[in-house]
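Next comes upload.txt, with compact mmCIF, N, CA and C atoms.
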```
# COMPACT_ATOMS: atom_id res chain seq x y z
N ASP A 1 3.00 -13.31 10.81
CA ASP A 1 3.12 -12.11 10.03
C ASP A 1 2.32 -12.16 8.74
N ILE A 2 1.23 -12.93 8.74
CA ILE A 2 0.25 -12.87 7.66
C ILE A 2 -0.81 -11.87 8.11
N LEU A 3 -1.12 -10.95 7.24
CA LEU A 3 -2.15 -9.96 7.52
C LEU A 3 -3.31 -10.19 6.57
N VAL A 4 -4.50 -10.41 7.11
CA VAL A 4 -5.70 -10.61 6.31
C VAL A 4 -6.60 -9.41 6.54
N ILE A 5 -6.90 -8.68 5.45
CA ILE A 5 -7.70 -7.46 5.54
C ILE A 5 -9.05 -7.70 4.89
N LYS A 6 -10.12 -7.55 5.66
CA LYS A 6 -11.47 -7.75 5.13
C LYS A 6 -11.86 -6.56 4.28
N ASP A 7 -12.43 -6.86 3.10
CA ASP A 7 -12.89 -5.83 2.17
C ASP A 7 -14.21 -6.30 1.59
N GLY A 8 -15.32 -6.01 2.28
CA GLY A 8 -16.63 -6.51 1.86
C GLY A 8 -16.69 -8.00 2.08
N ASP A 9 -16.99 -8.75 0.99
CA ASP A 9 -17.05 -10.22 1.11
C ASP A 9 -15.77 -10.88 0.62
N ARG A 10 -14.70 -10.10 0.55
CA ARG A 10 -13.41 -10.65 0.15
C ARG A 10 -12.34 -10.23 1.15
N TYR A 11 -11.23 -10.92 1.09
CA TYR A 11 -10.10 -10.62 1.96
C TYR A 11 -8.85 -10.44 1.10
N LYS A 12 -8.08 -9.44 1.40
CA LYS A 12 -6.77 -9.27 0.77
C LYS A 12 -5.75 -9.82 1.75
N VAL A 13 -4.91 -10.72 1.27
CA VAL A 13 -3.94 -11.38 2.12
C VAL A 13 -2.57 -10.75 1.86
N ARG A 14 -1.97 -10.23 2.91
CA ARG A 14 -0.63 -9.66 2.81
C ARG A 14 0.34 -10.54 3.58
N VAL A 15 1.35 -10.97 2.88
CA VAL A 15 2.41 -11.81 3.46
C VAL A 15 3.73 -11.31 2.90
N SER A 16 4.79 -11.92 3.37
CA SER A 16 6.08 -11.65 2.73
C SER A 16 5.88 -11.95 1.25
N ASP A 17 6.32 -11.06 0.42
CA ASP A 17 6.09 -11.21 -1.01
C ASP A 17 6.74 -12.46 -1.57
N ILE A 18 6.14 -12.95 -2.64
CA ILE A 18 6.81 -13.91 -3.49
C ILE A 18 7.71 -13.04 -4.37
N ASN A 19 8.99 -13.27 -4.36
CA ASN A 19 9.92 -12.42 -5.11
C ASN A 19 10.38 -13.11 -6.38
N PHE A 20 10.54 -12.31 -7.42
CA PHE A 20 10.94 -12.80 -8.73
C PHE A 20 12.19 -12.08 -9.20
N PRO A 21 13.07 -12.79 -9.89
CA PRO A 21 14.19 -12.11 -10.54
C PRO A 21 13.64 -11.20 -11.64
N SER A 22 14.41 -10.23 -12.06
CA SER A 22 14.01 -9.32 -13.13
C SER A 22 13.70 -10.11 -14.40
N ASP A 23 12.61 -9.73 -15.07
CA ASP A 23 12.19 -10.36 -16.33
C ASP A 23 11.99 -11.86 -16.20
N SER A 24 11.55 -12.33 -15.05
CA SER A 24 11.37 -13.76 -14.83
C SER A 24 10.07 -14.03 -14.08
N TRP A 25 9.58 -15.22 -14.25
CA TRP A 25 8.40 -15.66 -13.51
C TRP A 25 8.74 -16.87 -12.63
N GLU A 26 10.00 -17.20 -12.52
CA GLU A 26 10.40 -18.36 -11.73
C GLU A 26 10.30 -18.08 -10.23
N VAL A 27 9.59 -18.95 -9.52
CA VAL A 27 9.52 -18.83 -8.07
C VAL A 27 10.62 -19.64 -7.41
N SER A 28 11.31 -20.47 -8.19
CA SER A 28 12.39 -21.27 -7.63
C SER A 28 13.60 -21.28 -8.57
N PRO A 29 14.19 -20.10 -8.79
CA PRO A 29 15.35 -20.05 -9.68
C PRO A 29 16.52 -20.86 -9.12
N LYS A 30 17.17 -21.60 -9.99
CA LYS A 30 18.28 -22.48 -9.57
C LYS A 30 19.47 -21.70 -9.01
N ASP A 31 19.65 -20.46 -9.49
CA ASP A 31 20.82 -19.69 -9.08
C ASP A 31 20.63 -18.91 -7.78
N SER A 32 19.46 -19.04 -7.15
CA SER A 32 19.22 -18.29 -5.92
C SER A 32 18.54 -19.15 -4.87
N ARG A 33 19.31 -19.86 -4.08
CA ARG A 33 18.75 -20.70 -3.01
C ARG A 33 17.98 -19.86 -1.99
N LYS A 34 18.49 -18.66 -1.69
CA LYS A 34 17.83 -17.79 -0.72
C LYS A 34 16.42 -17.42 -1.19
N LEU A 35 16.31 -17.06 -2.47
CA LEU A 35 15.00 -16.72 -3.03
C LEU A 35 14.08 -17.93 -3.04
N LEU A 36 14.62 -19.08 -3.41
CA LEU A 36 13.84 -20.31 -3.42
C LEU A 36 13.26 -20.61 -2.04
N GLU A 37 14.08 -20.54 -1.00
CA GLU A 37 13.63 -20.84 0.36
C GLU A 37 12.60 -19.82 0.85
N ALA A 38 12.81 -18.54 0.58
CA ALA A 38 11.86 -17.50 1.00
C ALA A 38 10.52 -17.71 0.31
N ASN A 39 10.54 -17.98 -0.97
CA ASN A 39 9.29 -18.19 -1.71
C ASN A 39 8.58 -19.45 -1.24
N ARG A 40 9.32 -20.52 -1.00
CA ARG A 40 8.71 -21.78 -0.54
C ARG A 40 8.01 -21.56 0.81
N LYS A 41 8.66 -20.87 1.71
CA LYS A 41 8.08 -20.60 3.03
C LYS A 41 6.78 -19.80 2.89
N THR A 42 6.79 -18.77 2.06
CA THR A 42 5.59 -17.95 1.85
C THR A 42 4.48 -18.77 1.21
N LEU A 43 4.81 -19.56 0.20
CA LEU A 43 3.80 -20.38 -0.48
C LEU A 43 3.17 -21.39 0.48
N MET A 44 3.97 -21.99 1.33
CA MET A 44 3.44 -22.95 2.30
C MET A 44 2.49 -22.26 3.28
N ARG A 45 2.82 -21.04 3.67
CA ARG A 45 1.96 -20.30 4.59
C ARG A 45 0.64 -19.94 3.92
N ILE A 46 0.70 -19.53 2.65
CA ILE A 46 -0.53 -19.20 1.91
C ILE A 46 -1.39 -20.45 1.77
N ALA A 47 -0.80 -21.58 1.42
CA ALA A 47 -1.55 -22.82 1.28
C ALA A 47 -2.22 -23.21 2.60
N SER A 48 -1.50 -23.06 3.69
CA SER A 48 -2.06 -23.37 5.01
C SER A 48 -3.22 -22.44 5.35
N LEU A 49 -3.04 -21.16 5.10
CA LEU A 49 -4.11 -20.19 5.37
C LEU A 49 -5.33 -20.48 4.52
N PHE A 50 -5.11 -20.71 3.24
CA PHE A 50 -6.23 -20.93 2.32
C PHE A 50 -7.03 -22.17 2.69
N SER A 51 -6.38 -23.18 3.21
CA SER A 51 -7.09 -24.40 3.60
C SER A 51 -8.08 -24.15 4.75
N ARG A 52 -7.89 -23.05 5.46
CA ARG A 52 -8.81 -22.70 6.56
C ARG A 52 -10.03 -21.91 6.08
N PHE A 53 -10.11 -21.61 4.78
CA PHE A 53 -11.22 -20.87 4.19
C PHE A 53 -11.87 -21.71 3.09
N PRO A 54 -12.53 -22.82 3.44
CA PRO A 54 -13.06 -23.74 2.42
C PRO A 54 -14.16 -23.13 1.54
N ASP A 55 -14.82 -22.09 1.99
CA ASP A 55 -15.89 -21.48 1.21
C ASP A 55 -15.41 -20.33 0.35
N TYR A 56 -14.10 -20.19 0.23
CA TYR A 56 -13.51 -19.08 -0.53
C TYR A 56 -12.68 -19.59 -1.69
N SER A 57 -12.63 -18.76 -2.73
CA SER A 57 -11.71 -19.00 -3.83
C SER A 57 -10.53 -18.04 -3.67
N LEU A 58 -9.45 -18.33 -4.35
CA LEU A 58 -8.25 -17.51 -4.24
C LEU A 58 -7.88 -16.99 -5.62
N THR A 59 -7.65 -15.69 -5.70
CA THR A 59 -7.14 -15.09 -6.92
C THR A 59 -5.70 -14.68 -6.66
N VAL A 60 -4.80 -15.14 -7.52
CA VAL A 60 -3.40 -14.75 -7.46
C VAL A 60 -3.23 -13.66 -8.52
N GLU A 61 -2.91 -12.45 -8.07
CA GLU A 61 -2.71 -11.33 -8.99
C GLU A 61 -1.22 -11.11 -9.20
N GLY A 62 -0.78 -11.19 -10.45
CA GLY A 62 0.63 -10.97 -10.77
C GLY A 62 0.87 -9.55 -11.25
N TYR A 63 2.03 -9.01 -10.90
CA TYR A 63 2.41 -7.64 -11.29
C TYR A 63 3.84 -7.63 -11.82
N ALA A 64 4.17 -6.57 -12.53
CA ALA A 64 5.51 -6.42 -13.10
C ALA A 64 5.96 -4.97 -12.98
N ASN A 65 7.24 -4.77 -13.16
CA ASN A 65 7.85 -3.45 -13.01
C ASN A 65 8.06 -2.81 -14.38
N ALA A 66 7.53 -1.61 -14.57
CA ALA A 66 7.65 -0.92 -15.85
C ALA A 66 9.01 -0.24 -15.99
N VAL A 67 9.53 -0.26 -17.20
CA VAL A 67 10.77 0.42 -17.53
C VAL A 67 10.47 1.78 -18.16
N TYR A 68 9.46 1.81 -19.04
CA TYR A 68 9.13 3.03 -19.78
C TYR A 68 8.02 3.85 -19.10
N TRP A 69 8.08 3.95 -17.80
CA TRP A 69 7.06 4.63 -17.01
C TRP A 69 6.96 6.12 -17.34
N SER A 70 8.00 6.75 -17.86
CA SER A 70 7.97 8.20 -18.09
C SER A 70 7.41 8.58 -19.46
N ASP A 71 7.11 7.61 -20.31
CA ASP A 71 6.58 7.87 -21.65
C ASP A 71 5.29 7.07 -21.80
N ALA A 72 4.15 7.77 -21.80
CA ALA A 72 2.84 7.10 -21.80
C ALA A 72 2.66 6.16 -22.99
N THR A 73 3.13 6.55 -24.16
CA THR A 73 2.97 5.71 -25.35
C THR A 73 3.81 4.44 -25.22
N LYS A 74 5.07 4.59 -24.83
CA LYS A 74 5.94 3.42 -24.65
C LYS A 74 5.45 2.54 -23.51
N LEU A 75 4.94 3.17 -22.45
CA LEU A 75 4.42 2.41 -21.32
C LEU A 75 3.23 1.55 -21.74
N ALA A 76 2.32 2.11 -22.53
CA ALA A 76 1.16 1.36 -23.00
C ALA A 76 1.61 0.16 -23.84
N GLU A 77 2.60 0.35 -24.70
CA GLU A 77 3.12 -0.73 -25.52
C GLU A 77 3.83 -1.78 -24.66
N GLU A 78 4.62 -1.31 -23.69
CA GLU A 78 5.30 -2.23 -22.78
C GLU A 78 4.29 -3.04 -21.97
N GLN A 79 3.25 -2.39 -21.51
CA GLN A 79 2.20 -3.06 -20.73
C GLN A 79 1.59 -4.19 -21.55
N LYS A 80 1.26 -3.89 -22.80
CA LYS A 80 0.60 -4.86 -23.67
C LYS A 80 1.52 -6.02 -24.06
N ARG A 81 2.74 -5.70 -24.50
CA ARG A 81 3.63 -6.72 -25.06
C ARG A 81 4.47 -7.47 -24.02
N GLU A 82 4.81 -6.80 -22.91
CA GLU A 82 5.72 -7.42 -21.96
C GLU A 82 5.13 -7.61 -20.57
N LEU A 83 4.59 -6.55 -19.99
CA LEU A 83 4.20 -6.60 -18.57
C LEU A 83 3.00 -7.50 -18.32
N LEU A 84 1.97 -7.42 -19.16
CA LEU A 84 0.81 -8.29 -18.94
C LEU A 84 1.17 -9.77 -19.11
N PRO A 85 1.87 -10.16 -20.20
CA PRO A 85 2.25 -11.58 -20.29
C PRO A 85 3.16 -12.04 -19.15
N LEU A 86 4.14 -11.22 -18.76
CA LEU A 86 5.05 -11.58 -17.68
C LEU A 86 4.30 -11.73 -16.37
N SER A 87 3.43 -10.79 -16.06
CA SER A 87 2.70 -10.85 -14.80
C SER A 87 1.72 -12.03 -14.79
N GLN A 88 1.16 -12.39 -15.94
CA GLN A 88 0.29 -13.57 -16.02
C GLN A 88 1.10 -14.83 -15.75
N LYS A 89 2.31 -14.90 -16.30
CA LYS A 89 3.17 -16.06 -16.05
C LYS A 89 3.55 -16.15 -14.57
N ARG A 90 3.76 -15.01 -13.93
CA ARG A 90 4.06 -15.02 -12.49
C ARG A 90 2.88 -15.56 -11.70
N ALA A 91 1.68 -15.09 -12.01
CA ALA A 91 0.48 -15.57 -11.31
C ALA A 91 0.28 -17.06 -11.57
N ASP A 92 0.48 -17.49 -12.83
CA ASP A 92 0.33 -18.91 -13.17
C ASP A 92 1.35 -19.77 -12.43
N ALA A 93 2.59 -19.29 -12.29
CA ALA A 93 3.64 -20.04 -11.59
C ALA A 93 3.29 -20.22 -10.12
N VAL A 94 2.76 -19.17 -9.51
CA VAL A 94 2.38 -19.26 -8.10
C VAL A 94 1.18 -20.18 -7.94
N LYS A 95 0.23 -20.09 -8.86
CA LYS A 95 -0.93 -21.00 -8.82
C LYS A 95 -0.45 -22.44 -8.92
N ALA A 96 0.45 -22.74 -9.86
CA ALA A 96 0.97 -24.10 -10.02
C ALA A 96 1.66 -24.58 -8.75
N ALA A 97 2.41 -23.69 -8.11
CA ALA A 97 3.09 -24.06 -6.86
C ALA A 97 2.08 -24.38 -5.77
N LEU A 98 1.01 -23.60 -5.67
CA LEU A 98 -0.02 -23.85 -4.66
C LEU A 98 -0.75 -25.17 -4.93
N VAL A 99 -0.97 -25.48 -6.20
CA VAL A 99 -1.60 -26.76 -6.55
C VAL A 99 -0.69 -27.90 -6.14
N MET A 100 0.62 -27.75 -6.36
CA MET A 100 1.57 -28.79 -5.94
C MET A 100 1.58 -28.94 -4.42
N LEU A 101 1.19 -27.90 -3.69
CA LEU A 101 1.12 -27.97 -2.23
C LEU A 101 -0.23 -28.48 -1.74
N GLY A 102 -1.10 -28.91 -2.67
CA GLY A 102 -2.34 -29.57 -2.29
C GLY A 102 -3.61 -28.74 -2.39
N ILE A 103 -3.53 -27.53 -2.90
CA ILE A 103 -4.74 -26.71 -3.05
C ILE A 103 -5.45 -27.12 -4.35
N ASP A 104 -6.77 -27.29 -4.27
CA ASP A 104 -7.57 -27.68 -5.43
C ASP A 104 -7.48 -26.59 -6.51
N GLU A 105 -7.03 -26.98 -7.68
CA GLU A 105 -6.83 -26.04 -8.79
C GLU A 105 -8.10 -25.27 -9.14
N LYS A 106 -9.26 -25.88 -8.95
CA LYS A 106 -10.53 -25.22 -9.28
C LYS A 106 -10.82 -24.03 -8.38
N ARG A 107 -10.14 -23.97 -7.23
CA ARG A 107 -10.39 -22.87 -6.29
C ARG A 107 -9.45 -21.68 -6.50
N ILE A 108 -8.51 -21.80 -7.46
CA ILE A 108 -7.51 -20.75 -7.66
C ILE A 108 -7.63 -20.18 -9.07
N ARG A 109 -7.59 -18.87 -9.13
CA ARG A 109 -7.58 -18.16 -10.42
C ARG A 109 -6.30 -17.34 -10.47
N ALA A 110 -5.68 -17.28 -11.64
CA ALA A 110 -4.46 -16.48 -11.83
C ALA A 110 -4.78 -15.34 -12.79
N ARG A 111 -4.30 -14.16 -12.43
CA ARG A 111 -4.62 -12.96 -13.21
C ARG A 111 -3.39 -12.06 -13.29
N GLY A 112 -2.98 -11.71 -14.50
CA GLY A 112 -1.84 -10.81 -14.68
C GLY A 112 -2.31 -9.38 -14.86
N LEU A 113 -1.73 -8.47 -14.10
CA LEU A 113 -2.13 -7.06 -14.16
C LEU A 113 -0.99 -6.15 -14.63
N GLY A 114 0.13 -6.72 -14.97
CA GLY A 114 1.23 -5.93 -15.52
C GLY A 114 1.73 -4.87 -14.56
N GLY A 115 1.85 -3.65 -15.06
CA GLY A 115 2.38 -2.54 -14.27
C GLY A 115 1.34 -1.75 -13.51
N GLU A 116 0.11 -2.26 -13.44
CA GLU A 116 -0.94 -1.58 -12.68
C GLU A 116 -0.63 -1.60 -11.19
N LYS A 117 -1.14 -0.65 -10.48
CA LYS A 117 -1.06 -0.59 -9.01
C LYS A 117 0.36 -0.79 -8.45
N PRO A 118 1.32 0.01 -8.88
CA PRO A 118 2.67 -0.16 -8.33
C PRO A 118 2.70 0.14 -6.83
N VAL A 119 3.52 -0.61 -6.11
CA VAL A 119 3.68 -0.38 -4.67
C VAL A 119 4.90 0.49 -4.38
N ALA A 120 5.72 0.70 -5.40
CA ALA A 120 6.88 1.59 -5.31
C ALA A 120 6.95 2.38 -6.62
N ALA A 121 7.46 3.57 -6.55
CA ALA A 121 7.59 4.39 -7.75
C ALA A 121 8.53 3.72 -8.74
N PHE A 122 8.13 3.66 -10.00
CA PHE A 122 8.98 3.06 -11.02
C PHE A 122 10.31 3.80 -11.12
N ALA A 123 10.31 5.10 -10.83
CA ALA A 123 11.52 5.92 -10.93
C ALA A 123 12.51 5.66 -9.80
N ASP A 124 12.05 5.04 -8.73
CA ASP A 124 12.91 4.77 -7.56
C ASP A 124 13.70 3.49 -7.80
N SER A 125 14.92 3.63 -8.28
CA SER A 125 15.72 2.46 -8.66
C SER A 125 16.01 1.52 -7.50
N GLU A 126 15.97 2.01 -6.28
CA GLU A 126 16.25 1.15 -5.12
C GLU A 126 15.03 0.36 -4.65
N SER A 127 13.84 0.82 -4.98
CA SER A 127 12.62 0.15 -4.50
C SER A 127 11.73 -0.39 -5.61
N ALA A 128 12.00 -0.03 -6.85
CA ALA A 128 11.12 -0.43 -7.95
C ALA A 128 10.97 -1.95 -8.07
N TRP A 129 11.97 -2.72 -7.62
CA TRP A 129 11.88 -4.18 -7.67
C TRP A 129 10.66 -4.71 -6.92
N LYS A 130 10.15 -3.95 -5.97
CA LYS A 130 9.00 -4.39 -5.18
C LYS A 130 7.74 -4.56 -6.04
N ASN A 131 7.75 -3.97 -7.22
CA ASN A 131 6.61 -4.10 -8.13
C ASN A 131 6.57 -5.46 -8.82
N ARG A 132 7.65 -6.23 -8.74
CA ARG A 132 7.68 -7.61 -9.27
C ARG A 132 7.12 -8.50 -8.17
N ARG A 133 5.81 -8.70 -8.22
CA ARG A 133 5.17 -9.35 -7.07
C ARG A 133 3.89 -10.06 -7.48
N VAL A 134 3.34 -10.79 -6.53
CA VAL A 134 1.97 -11.31 -6.63
C VAL A 134 1.25 -10.91 -5.36
N GLU A 135 -0.05 -10.77 -5.47
CA GLU A 135 -0.90 -10.53 -4.31
C GLU A 135 -2.00 -11.58 -4.30
N PHE A 136 -2.57 -11.81 -3.14
CA PHE A 136 -3.56 -12.86 -2.96
C PHE A 136 -4.88 -12.26 -2.49
N ILE A 137 -5.97 -12.65 -3.15
CA ILE A 137 -7.31 -12.18 -2.80
C ILE A 137 -8.19 -13.41 -2.53
N LEU A 138 -8.79 -13.45 -1.34
CA LEU A 138 -9.77 -14.50 -1.00
C LEU A 138 -11.16 -13.94 -1.22
N GLU A 139 -11.99 -14.68 -1.96
CA GLU A 139 -13.36 -14.24 -2.22
C GLU A 139 -14.33 -15.37 -1.95
N LYS A 140 -15.47 -15.01 -1.36
CA LYS A 140 -16.52 -15.98 -1.06
C LYS A 140 -17.02 -16.59 -2.36
N ARG A 141 -17.13 -17.91 -2.40
CA ARG A 141 -17.62 -18.60 -3.61
C ARG A 141 -19.11 -18.57 -3.70
```

Starting from the file, lay out its structure as structure tokens.
Amino acid sequence: DILVIKDGDRYKVRVSDINFPSDSWEVSPKDSRKLLEANRKTLMRIASLFSRFPDYSLTVEGYANAVYWSDATKLAEEQKRELLPLSQKRADAVKAALVMLGIDEKRIRARGLGGEKPVAAFADSESAWKNRRVEFILEKR
């Protein structure tokens, strides 16, 4: 259930998401064994897939869920002060986990994008959590 989508000379990798608790960048929170196991399984699959693409680098893109989505001024401030740093920490945490799984650190880049490119409407309280995520991009070196 890994989906690799070719986009020019890069690939977007879709897998079961790495899930994060609200306002957190932990991929292995102590209070959630279920989350820890799901994230570990996904990370191991990404590491295995990436090892089959030796001529590619991997970008881990981190995202976060906006609270002030209905007010452009507050959203811009939230993006700058909270969402970008949080999403960068999420990308960094996933990068660190992949390095611990044996991926060469020089081949991985971490990038925080905050509340950009939501996959669920911020107003949808039942699905907005899906915006707390990372995505993986393979690019030819």

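Closest approach to A:Leu83 among A:Ala66, A:Ala121, A:Ala128, A:Val99 is made by A:Ala66 (distances from only C-alpha atoms).
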
*Closest to A:Val67 among A:Phe122, A:Glu135, A:Leu3, A:Asp55, using all atoms listed in the file?*
A:Phe122

Which residues of stretch 26-93 of chain A sit at most 8 Å from stretch 106-113 of chain A, using all atoms listed in the file? Give each one's shortest atom pair and distance in Å (one decimal place), in chain and ascending residue order, as JSON lines.
```
{"residue": "A:Tyr56", "atom": "C", "partner": "A:Arg107", "partner_atom": "CA", "distance": 6.1}
{"residue": "A:Ser57", "atom": "CA", "partner": "A:Arg107", "partner_atom": "C", "distance": 4.4}
{"residue": "A:Leu58", "atom": "N", "partner": "A:Arg107", "partner_atom": "C", "distance": 4.0}
{"residue": "A:Thr59", "atom": "CA", "partner": "A:Arg109", "partner_atom": "C", "distance": 4.3}
{"residue": "A:Val60", "atom": "N", "partner": "A:Arg109", "partner_atom": "C", "distance": 4.0}
{"residue": "A:Glu61", "atom": "CA", "partner": "A:Arg111", "partner_atom": "C", "distance": 4.4}
{"residue": "A:Gly62", "atom": "N", "partner": "A:Arg111", "partner_atom": "C", "distance": 4.0}
{"residue": "A:Tyr63", "atom": "N", "partner": "A:Leu113", "partner_atom": "N", "distance": 5.0}
{"residue": "A:Ala64", "atom": "N", "partner": "A:Leu113", "partner_atom": "C", "distance": 5.6}
{"residue": "A:Gln79", "atom": "CA", "partner": "A:Leu113", "partner_atom": "C", "distance": 7.5}
{"residue": "A:Leu83", "atom": "C", "partner": "A:Leu113", "partner_atom": "C", "distance": 5.6}
{"residue": "A:Leu84", "atom": "CA", "partner": "A:Leu113", "partner_atom": "C", "distance": 5.1}
{"residue": "A:Pro85", "atom": "N", "partner": "A:Gly112", "partner_atom": "CA", "distance": 6.7}
{"residue": "A:Leu86", "atom": "C", "partner": "A:Gly112", "partner_atom": "CA", "distance": 6.4}
{"residue": "A:Ser87", "atom": "C", "partner": "A:Gly112", "partner_atom": "CA", "distance": 3.8}
{"residue": "A:Gln88", "atom": "N", "partner": "A:Gly112", "partner_atom": "CA", "distance": 3.6}
{"residue": "A:Lys89", "atom": "N", "partner": "A:Gly112", "partner_atom": "CA", "distance": 6.0}
{"residue": "A:Arg90", "atom": "N", "partner": "A:Gly112", "partner_atom": "CA", "distance": 7.0}
{"residue": "A:Ala91", "atom": "C", "partner": "A:Ala110", "partner_atom": "CA", "distance": 4.8}
{"residue": "A:Asp92", "atom": "N", "partner": "A:Ala110", "partner_atom": "CA", "distance": 5.1}
{"residue": "A:Ala93", "atom": "N", "partner": "A:Ala110", "partner_atom": "CA", "distance": 7.6}
```

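For the pair atom CA of A:Tyr11 and atom CA of A:Glu116, the separation is 19.5 Å.
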
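Distance annotation: of A:Val15, A:Ala47, A:Lys80, A:Ala123, the residue with the minimal separation from A:Gly102 is A:Ala47; atom set is only N, CA and C atoms.
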
*If you measure from atom CA of A:Ile2 to atom C of A:Arg45, what distance in Å do you get, rounded to one decimal?*
8.0 Å

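Taking atom C of A:Gly114 and atom C of A:Arg10 as the two end points, the separation is 21.8 Å.
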
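Proximity to A:Phe20 was assessed for A:Val4, A:Val134, A:Leu98, A:Ile103 counting only N, CA and C atoms; the smallest distance is recorded for A:Val134.
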
_Going by DSSP on the backbone, which residues of chain A come out as strand (DSSP E)? List them as a count of residues only._
29

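Between A:Asn131 and the residues A:Ser70, A:Thr42, A:Ser48, A:Asn65, the shortest atom-to-atom distance, using only C-alpha atoms, involves A:Asn65.
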
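Taking only C-alpha atoms into account, A:Val94 lies nearest to A:Arg40 out of the set A:Lys140, A:Lys117, A:Arg40, A:Lys130.
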
*Would you mind writing down, as a PyMOL selection string, each residue of chain A that DSSP on the backbone assigns to alpha helix (DSSP H)?*
chain A and resi 33-51+72-78+84-100

To test the calculation: enclose all listed atoms of stretch 3-11 of chain A in a box whose edges run along x, y and z, add 3 Å on each side, then state centre and edge lengths in Å to one decimal, as AutoDock Vina command-line options.
```
--center_x -9.1 --center_y -8.4 --center_z 3.8 --size_x 21.9 --size_y 11.1 --size_z 13.4
```

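Near A:Asp7, within 12 Å and counting only C-alpha atoms, sit A:Tyr11, A:Lys12, A:Val13, A:Ile137, A:Leu138, A:Glu139, A:Lys140, not including residues fewer than 4 positions from it in the same chain.
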